[in-house]
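Take a look at the structure below.
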Amino acid sequence: MDRIPPQKSSSFSPATFREERLGRNLSLGAIKISEHAPAVRVKEEAEEGRGGVDNAGAGEGEGAAGEEAAPPEEAAEPDLAMLSAEVDAFLAGREGDAPTSISEVTLDKFASAVEQEMAQSEGDDDKWAVGENGEAAPLLAAIRRISALAAALTAVPEGSKFTIGVHRVTGVLHRAMAFVEDEFHTMLEDPRVAKAAQNGDTGSATGKSMRRGPSFNHAGGDPASDGGGGGGGGGGDTPPPFPPETVDRLRAMADAMIAVGYMTECTQVFLVARRNALDASLQSLGYEKASIDDVVRMAWESLESDVATWIKAFHHTINVGLSAEHDLCARVFAGCDAAVGRAIFVDLARCAMLQMLNFTEAVAMTKRTAEKLFKVLDMYEAVRDAAPVIDAFIAACSTTDAAADEPDTTTDALTDIKTELASVRSRLGESAAAIFCDLESSIRADASKQPVPGGAVHPLTRYLMNYLKFACEYKNTLEQVFHEHHRTDIDADDEGSDPFAAQLMEVMELLHDNLEAKSRLYKDPALCSIFLMNNGRYMLQKIRGSPEINAVVGEAWSRKRSTDLRQYHKNYQRETWSRVLTLLRDDGVITVKGSVQKPVLKERFKQFNAAMDEIQRTQGAWVVSDEQLQSELRVSIAAVVVPAYRSFLGRFSQSFSAGRQAEKYIKLSAEDLEAIIDELFDGNAVSMPRRRN
């Protein structure tokens, strides 16, 4: 016999039942039936006149009551098994040639027996357990039986025959469905949400969510291997996964609700619970919902932390949460049309993705600044890598749809999610490309007229080179971004060029030109060369120390900059030490006849001492922070100057009489000169030491 979903009776008050069931929140509405049906309890009607059911028995009862009132007997508990047999016989008879009748008393007793079965199962964890041979639990069997009975009664042609019975049976059926719904929700509920509700925590994500509490996201791992899905890990306090027996019970309850025509209520309870569960899961990972306006107004220090949390939560949702929800939907609704579970999953996926993608939209709308690049790229990668996961779900749904040979909208809905992902990814990529290109503006805007003390590495050089080095760790992603959002003025004429590499080289050349301009702020040409050496060496070291940026820049650029560094070195040597070496030449000190001109010699030593004092005072304060470069400079200076001074000193020191005259003009020994050179470029100005004895 085809089951006809029973009409819902207005004789049952959901509000009353909520009070009886400890205030639990139910979603079932009032049951409706024909307008002429009175809303009275069966037992009350039966007491007034049972003759309509059994005329002979009623007559005898009235006579006995008139003679002597019999003492009231304690009502016997209804025997569910015996009553079930009568109901089954009535249902079977309606399908046969000789319909079997059933009394209003039996209907009332059976309804009471079902109520008693529900009351006795209160608090029993095994009331939904499936038997060893797959048979339904007694409570579920009773609910299914009363559902079939209600359908049969409402289908009786002479509808008034079972008017009272219909009200009684459908009322209990509605109560039973409310009971199942409440138990269904309780089994799905996440303990974190229940605790928050008990504590009156309305400020949490769960307090703002829909009326049912979440159970989303249980411990991590392969959802297919834990026997039930329900979410994955990521939060430190994540509950354990649903065990297989729990999923079996959820499926049994879902099957019962759907079988009696309560599919809408069943799917709504499940969907609300899982959507709230998703909120609880994300909150356990530290992710809080924020409006677009809040994100746009947020300071970057706070937003940067929120972006990191979003990335963690998004990875979890895509790689664990959705798979677990897909598995759970498929298992719980395996007993009905597969499209039901798919539709619920798609709704969950859409809600989850839209909630999280709204955040990325807001971030893309914030003011573009250089420090945001890497978080934007992290978000871009997360969104990009989510597409294959959605593709896998689309493929799975497409396979199922093809097997069922039925049209289904779930594939289209998942395709919409993929389209939204692509749109968000495009906006993030556009933002990342624009931020990187804005480096050019930052370099051009840095036109400070104050030279860096000591010719040290300029802060702009440090910032940009570290920025570019870090950017090249995203080399593959940035190449992808620039291919999608490249500037046509850079690579339009070169079909084989890499737009990202071209943009990076543009930035490098701008930095080089900027440093050349800044070097001209130094009045001392030697210090100008030190500044260029420091900055050039810093750039080269950063490039050679990073395989990623070195691969982008190329060896040719590095060789060119190495050549520049050697030229800067030569320029420094020429500007500082060529004049010193001129003082140590014999020209003008020795006459044609070979005699020493002491006045000239004295002047030479005076000039040499003054030059060294000036070099020590000024260049001791200059800065060469790269130890290798500092050592190379000192060694190259000493290799030229110290031998020349030692030779000059050896030839002419005897020209002065020992004592005061020698000390007056010969203030430095060769060792003193070496010591002075070894103290250059330390950033400390010191006085020339006395001659060592």
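Residue numbering restarts at 1 in every chain; chains get A, B, ... in the order shown in the structure tokens, and ligands count up from 1 in that same order.
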Can you list, as a list in words, every protein, DNA or RNA residue that comes within 9 Å of A:Leu478 when you count only C-alpha atoms, leaving out same-chain residues fewer than 5 positions away?
-> Leu377, Gly429, Ala432, Ala433, Ala471, Cys472, His483 and Phe500 of chain A
Skip stretch 525-537 of chain A itself and residues of its chain fewer than 5 positions away, then list as an NGL selection string all residues within 9 Å of it, counting only C-alpha atoms.
-> :A and (452 or 454-458 or 461-462 or 512 or 515-516 or 518-520 or 542 or 561-562 or 564-576 or 619 or 622-626 or 629)
For the selection just defined, write its residues with C-alpha atoms to a file, as a tab-separated table (two decimals), in the first residue's frame.
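Once written, out-v1.tsv looks like this:
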chain	number	residue	atom	x	y	z
A	452	VAL	CA	73.14	58.58	5.30
A	454	GLY	CA	79.19	57.36	7.14
A	455	GLY	CA	78.13	56.19	3.69
A	456	ALA	CA	76.25	53.26	5.24
A	457	VAL	CA	73.63	51.13	3.51
A	458	HIS	CA	70.58	53.29	2.87
A	461	THR	CA	68.12	49.63	0.02
A	462	ARG	CA	67.65	47.39	3.03
A	512	HIS	CA	70.18	51.63	-8.63
A	515	LEU	CA	71.26	55.31	-5.12
A	516	GLU	CA	73.41	56.93	-7.77
A	518	LYS	CA	71.82	59.86	-3.43
A	519	SER	CA	75.59	59.30	-3.68
A	520	ARG	CA	75.95	62.77	-5.14
A	542	LYS	CA	71.02	39.58	-1.05
A	561	ARG	CA	76.96	44.88	-10.53
A	562	SER	CA	80.21	43.14	-9.56
A	564	ASP	CA	80.39	48.33	-10.81
A	565	LEU	CA	81.64	47.43	-7.34
A	566	ARG	CA	85.22	47.04	-8.58
A	567	GLN	CA	84.98	50.44	-10.21
A	568	TYR	CA	83.70	52.03	-7.00
A	569	HIS	CA	86.65	50.46	-5.20
A	570	LYS	CA	89.11	51.90	-7.68
A	571	ASN	CA	87.48	55.30	-7.41
A	572	TYR	CA	87.85	55.23	-3.65
A	573	GLN	CA	91.49	54.20	-3.83
A	574	ARG	CA	92.22	56.94	-6.30
A	575	GLU	CA	90.41	59.67	-4.36
A	576	THR	CA	91.95	58.81	-0.98
A	619	GLN	CA	87.30	57.50	7.49
A	622	TRP	CA	82.78	55.87	7.90
A	623	VAL	CA	80.79	52.65	7.95
A	624	VAL	CA	81.36	49.44	6.03
A	625	SER	CA	79.07	46.93	7.74
A	626	ASP	CA	79.83	44.01	5.45
A	629	LEU	CA	84.03	44.17	2.10
List the neighbours of stretch 585-602 of chain A out to 10 Å using only C-alpha atoms; skip same-chain residues closer than 2 positions along the sequence, and give me the result as a ChimeraX atom specification.
-> /A:580-583,604-608,644-645,647-648,651-653,655-656,661-662,664-666
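For A:Ser546, the non-local neighbours within 10 Å, defined as residues at least 3 positions apart in the same chain or in other chains and counting only C-alpha atoms, are Lys469, Phe470, Cys472, Glu473, Gln541, Lys542, Ile543, Ile549, Asn550 and Ala551 of chain A.
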Using only C-alpha atoms, please write the residues we just selected to a file, as a PDB file, in the first residue's frame.
ATOM      1  CA  LYS A 469      63.932  38.668  -1.535  1.00  0.00           C
ATOM      2  CA  PHE A 470      60.790  37.736   0.347  1.00  0.00           C
ATOM      3  CA  CYS A 472      60.711  35.982  -4.746  1.00  0.00           C
ATOM      4  CA  GLU A 473      59.799  33.256  -2.280  1.00  0.00           C
ATOM      5  CA  GLN A 541      74.795  39.715  -1.346  1.00  0.00           C
ATOM      6  CA  LYS A 542      71.019  39.576  -1.049  1.00  0.00           C
ATOM      7  CA  ILE A 543      70.675  38.378  -4.618  1.00  0.00           C
ATOM      8  CA  ILE A 549      65.686  36.162  -6.545  1.00  0.00           C
ATOM      9  CA  ASN A 550      68.950  35.142  -8.197  1.00  0.00           C
ATOM     10  CA  ALA A 551      66.958  33.050 -10.667  1.00  0.00           C
TER      11      ALA A 551
END
Apply DSSP to the structure's backbone, then extract all residues of stretch 267-414 of chain A labelled alpha helix (DSSP H) and return them as a PyMOL selection string.
-> chain A and resi 267-284+292-297+300-316+322-332+338-365+373-404+410-414
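Here atom CA of A:Leu322 and atom CA of A:Leu348 stand 8.3 Å from one another.
Straight-line separation from atom CA of A:Ala610 to atom CA of A:Glu674: 16.3 Å.
Considering the residues A:Asp378, A:Asp248, A:Asp412, A:Asp294 and counting only C-alpha atoms, A:Thr309 has its shortest atom-to-atom contact with A:Asp378.
Candidate residues A:Ala155, A:Leu439, A:Pro138, A:Leu680 were compared for distance to A:Ser84, and the nearest is A:Pro138, using only C-alpha atoms.
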Close residues, A:Gln480 itself excluded, 12 Å, only C-alpha atoms, min 5 positions apart in chain, as a ChimeraX atom specification = /A:377,380-381,384,425-426,429-430,432-433,474-475,485-486,498-501
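Note that atom CA of A:Ala111 and atom CA of A:Ile164 are 12.0 Å apart.
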So which residues touch A:Leu107 within 8 Å, counting only C-alpha atoms, skipping near sequence neighbours fewer than 5 positions away, as a ChimeraX atom specification?
-> /A:102,165,168-169
